[in-house]
Amino acid sequence: MGQLLAVQDLRVRFQNAAPHRWAVDGVSFAMDEGEILGLVGESGSGKTVTAMSISGLLPRRQVQVAGSITLDGRELLQCTEKELRDIQGSGLSVVFQEPMTSLDPVMRIGPQVEESLRIHTRCTRAERKERALEALAQAELPDPEAVYRKYPHELSGGMLQRVMIAAAIISRPKLLLADEPTTALDVTIQAQILQLLRKLNRESGMAVLFISHDLNVVRRLCNRVIVMQHGKLVEEGPVEDLFRAPKQDYTRQLIAAIPTRDHKLT
Amino acid sequence: MKKLIHNPFLLIGGCISGVMTALILVGYVWTPYSATAMEGSKFDSPSLVHLLGTDSYGRDIFSRVLSGAGTSFWIALCVVAIGCAAGILIGSLCGYYGGPADLILTRVCDSITAFPSILLALVIVSVVGGGAVNVVIALGILFIPSFARIVRGEFTRCRDLNYIRSARLMGVSDARIMFCHILPNTLPVLLPAITIGFNNAILSEASMSFLGLGIQPPNASLGSMLSDSQIYLKSAPWYAMSVGGTMVLLILGFSLLSEGLQRQARQN
Amino acid sequence: MKYILKKGFTLIITLFIVSLLAFLAFQVIPGDPTTKLLGTEATEEAKAELRAELGFDQPVPVRYWNWLTDFLRGDMGESYSYHMPVREMLGEKLVITFLLTLVSFAFTILLSIPLGILAGSIRIRWLDSLITALDQVVMSIPPFFIGIVACFVFGITLRWFVPGNFISYTEDWGACLGYLILPALSIAIPRIAMTVKMLRGAIHRELEQDYVRTARSRGAGRGDVLRRHVFKNALLPVITFLAVSAAEIMTGTIIIEQVFTIPGVGQLLLASISNRDFPVVQAIVVILAAWIVLVNFAADLLYQLVDPRIRLR
């Protein structure tokens, strides 16, 4: 399998931060096509900023980005805004943490799911609808036809996250960035969403960069994982290796933070 | 200081309203000419002798504007004082205790604010008659709901905060909690409301006096002077312009100030 | 549907309360209206006779009921000063004032929404600051001062019209509307500035929302995001604000009619207040209040038509 994403020596600094405070400080990693990679770290470790740099959603005026990000052979950091927009939503999709606020409250679900098709393809209205219904079905939403006509406030958080996933996969991207997609959801729904992501990865060969602060969730989904702390990459390797023999203290602490049956939380 | 530069609204608004207030305060004790003395010739255009010219009776317009603005300022101050004091009292009691009384008062306040205050002031004044005192009382009462609403909102929000609950558990009296612990917290919202209220009061009083229902002659406020000046628009346009301009500057200063205060509160 | 019924019910209750208050307000007036009508030298018998004729000898609730049913039938009583039916006095004046309100409201909507959208979409920092500053200044000019300046510039200096003149719609519709343009703009201009400020703020707030980030992650450009998502969300709160504006504009006409000497309801109201001609004042107040309540009702309905989140409840 070929390489899909390569991040090299990525550095990100916010304009109003102190001169040597890099939010992301020299991160390098790579992803193969069809791989599920976990990106783990506590809040403030720079994992979300890394994901935002890859997706090109950082406000260019306020942020200084250095290094290199190549997606499918294209250097993203050198792209113009227009070129970047062509990639966003077609080669690369994002699912965010808060499904409740990530959808436009006054627009029906349908047009929101189809949005990337409307922007990137010349599909007719009917074709778009057909593919939207297909995507909603793939995201395992019951009765896609009804969901298509609903407004976001009429659906539950778990269903909305499925809608977000449907909107992300409709354009058949090669890479899906999932930024803490299950954190805002109940535990049972969390498990369903993880299962769904796994299924979509298997069926369509779409690579997933799964970002979470929860090592346990990452363990259930990913084969390989990278760990970030203070903007730096501290550990990388297969999930099971990490659990068996963590090389870094930090990783050990993250593993210890997982509640187990042995030491109950009081 | 650095904050002020980052908040041009507060800076410029503070300057304009500071200068206007200072001028008005000076005007209470000293004006270049007597505001009522008919000394100069009629309709002098603005000059170094008469900064803003003279009116139809040869009175110095600058002095008249100062004293007129003083009257408007004083009335607006009284209106806001009445509205704010009563509003704080009603709003804090309703917000802190809640209950059916709160429900009814809130509904009443809501329905009063649905009507423009000038219309209601007109009704009151048409029943009890015009004049400065009646206008102050009428507008003062009409300004209560807007303050009560804001204070009530803040009190209901603060009532259930943990530090208020713990104060209550420690046996701090309700009155002390309300006025020593919650009230200071309402300042960031209350201050802009007071400046906006002041503006509305200036505007409402000016409208009433412009219509001849507010300040009665021989006293003058900005509103009644503007109404006078309209007759001489052709022969002495600077009269209307200086009165109106003063009004605009006064209102602009306080509206910038309130905008600046709101931005400040949002930043903190 | 249930929502509309509920709102309609509240509307009727509110109108009822407003009419009751307007009625009661004019019952507490000190002094005997019969003295006003017959003069101080009238005999007691004549006064008593008139009181009976006017129904003043009946208890307040009965009088309220009679007044209300008469009012609904279009009989608004008789003027104390002119001894003619209030309805006849109001007729033409009411139409002129409503015309003025409508023209002014139309200006407000037609100018403030495009200007607000423009102001909210501008990204050049200094231009945005300039617009904000200008907006704040325009907001601070009282309508009647704008009116006076307009009289001076367009009436006295440019001689486009004669200040103090007015042509009623009964003579010439076009000329009447022409005479209403400047007064309408005088009322509308500060309102437009307020609406622009509000809309600009709303657009900026909406641009910070998560759904904007989502749309951008799908490759939507700034214009696309604004047009397809932001404007609709930002316009929702403006609907309520425009309803308040409609009420404010209506009362604004009272003052602006004075500036431009337009023979509308405002002039009649002021004359009646100084003559203590209460039936006229009462009728005008009830009509203005009803207008305000109705406009708010319409805004409520419009809001729930546009905002899908309210439709369910």
# chains A, B, ... in the order shown; residues from 1 in each chain; ligands from 1
>>> residues_around(residues="range 254-267 of chain B", least_positions_apart="6", cutoff="10 Å", atoms="only C-alpha atoms", output="ChimeraX atom specification")
/B:3-4,6-18,187-200 /C:133,136-137,139-140
>>> interface_residues(of="chain C", to="chain A", cutoff="8 Å", atoms="only C-alpha atoms", output="VMD selection string")
chain C and resid 209 to 221 229 232 to 233 307 to 309
>>> residues_around(residues="Leu100 in chain C", least_positions_apart="2", cutoff="12 Å", atoms="only C-alpha atoms", output="PyMOL selection string")
chain C and resi 93-98+102-107+168-169+176-188+246+249-254+256-257+260+262-266
>>> residues_around(residues="Val151 in chain B", least_positions_apart="4", cutoff="8 Å", atoms="only C-alpha atoms", output="number ranges by chain")
B: 87-88, 91-92, 95, 147, 155, 186, 190
>>> write_last_selection(atoms="N, CA and C atoms", output="mmCIF file, in the first residue's frame")
data_model
loop_
_atom_site.group_PDB
_atom_site.id
_atom_site.type_symbol
_atom_site.label_atom_id
_atom_site.label_comp_id
_atom_site.auth_asym_id
_atom_site.auth_seq_id
_atom_site.Cartn_x
_atom_site.Cartn_y
_atom_site.Cartn_z
ATOM 1 N N GLY B 87 -35.425 50.170 39.516
ATOM 2 C CA GLY B 87 -35.182 48.972 38.718
ATOM 3 C C GLY B 87 -34.323 47.977 39.468
ATOM 4 N N ILE B 88 -33.283 48.472 40.139
ATOM 5 C CA ILE B 88 -32.412 47.575 40.901
ATOM 6 C C ILE B 88 -33.202 46.913 42.023
ATOM 7 N N GLY B 91 -35.829 44.519 40.390
ATOM 8 C CA GLY B 91 -35.138 43.442 39.686
ATOM 9 C C GLY B 91 -34.447 42.494 40.645
ATOM 10 N N SER B 92 -33.802 43.035 41.693
ATOM 11 C CA SER B 92 -33.063 42.154 42.585
ATOM 12 C C SER B 92 -34.021 41.308 43.418
ATOM 13 N N GLY B 95 -35.543 38.709 41.021
ATOM 14 C CA GLY B 95 -34.558 37.737 40.566
ATOM 15 C C GLY B 95 -34.127 36.816 41.684
ATOM 16 N N PHE B 147 -34.306 48.588 33.401
ATOM 17 C CA PHE B 147 -33.282 48.285 34.406
ATOM 18 C C PHE B 147 -33.665 47.039 35.196
ATOM 19 N N PHE B 155 -29.531 38.548 38.546
ATOM 20 C CA PHE B 155 -29.770 37.941 39.859
ATOM 21 C C PHE B 155 -30.188 36.481 39.734
ATOM 22 N N THR B 186 -23.290 42.613 38.910
ATOM 23 C CA THR B 186 -24.143 43.042 37.803
ATOM 24 C C THR B 186 -23.566 44.268 37.111
ATOM 25 N N LEU B 190 -24.775 46.435 34.033
ATOM 26 C CA LEU B 190 -25.551 47.581 34.481
ATOM 27 C C LEU B 190 -24.965 48.889 33.956
#
>>> atom_distance(atom1="CA of Val123 in chain B", atom2="CA of Val285 in chain C")
7.5 Å
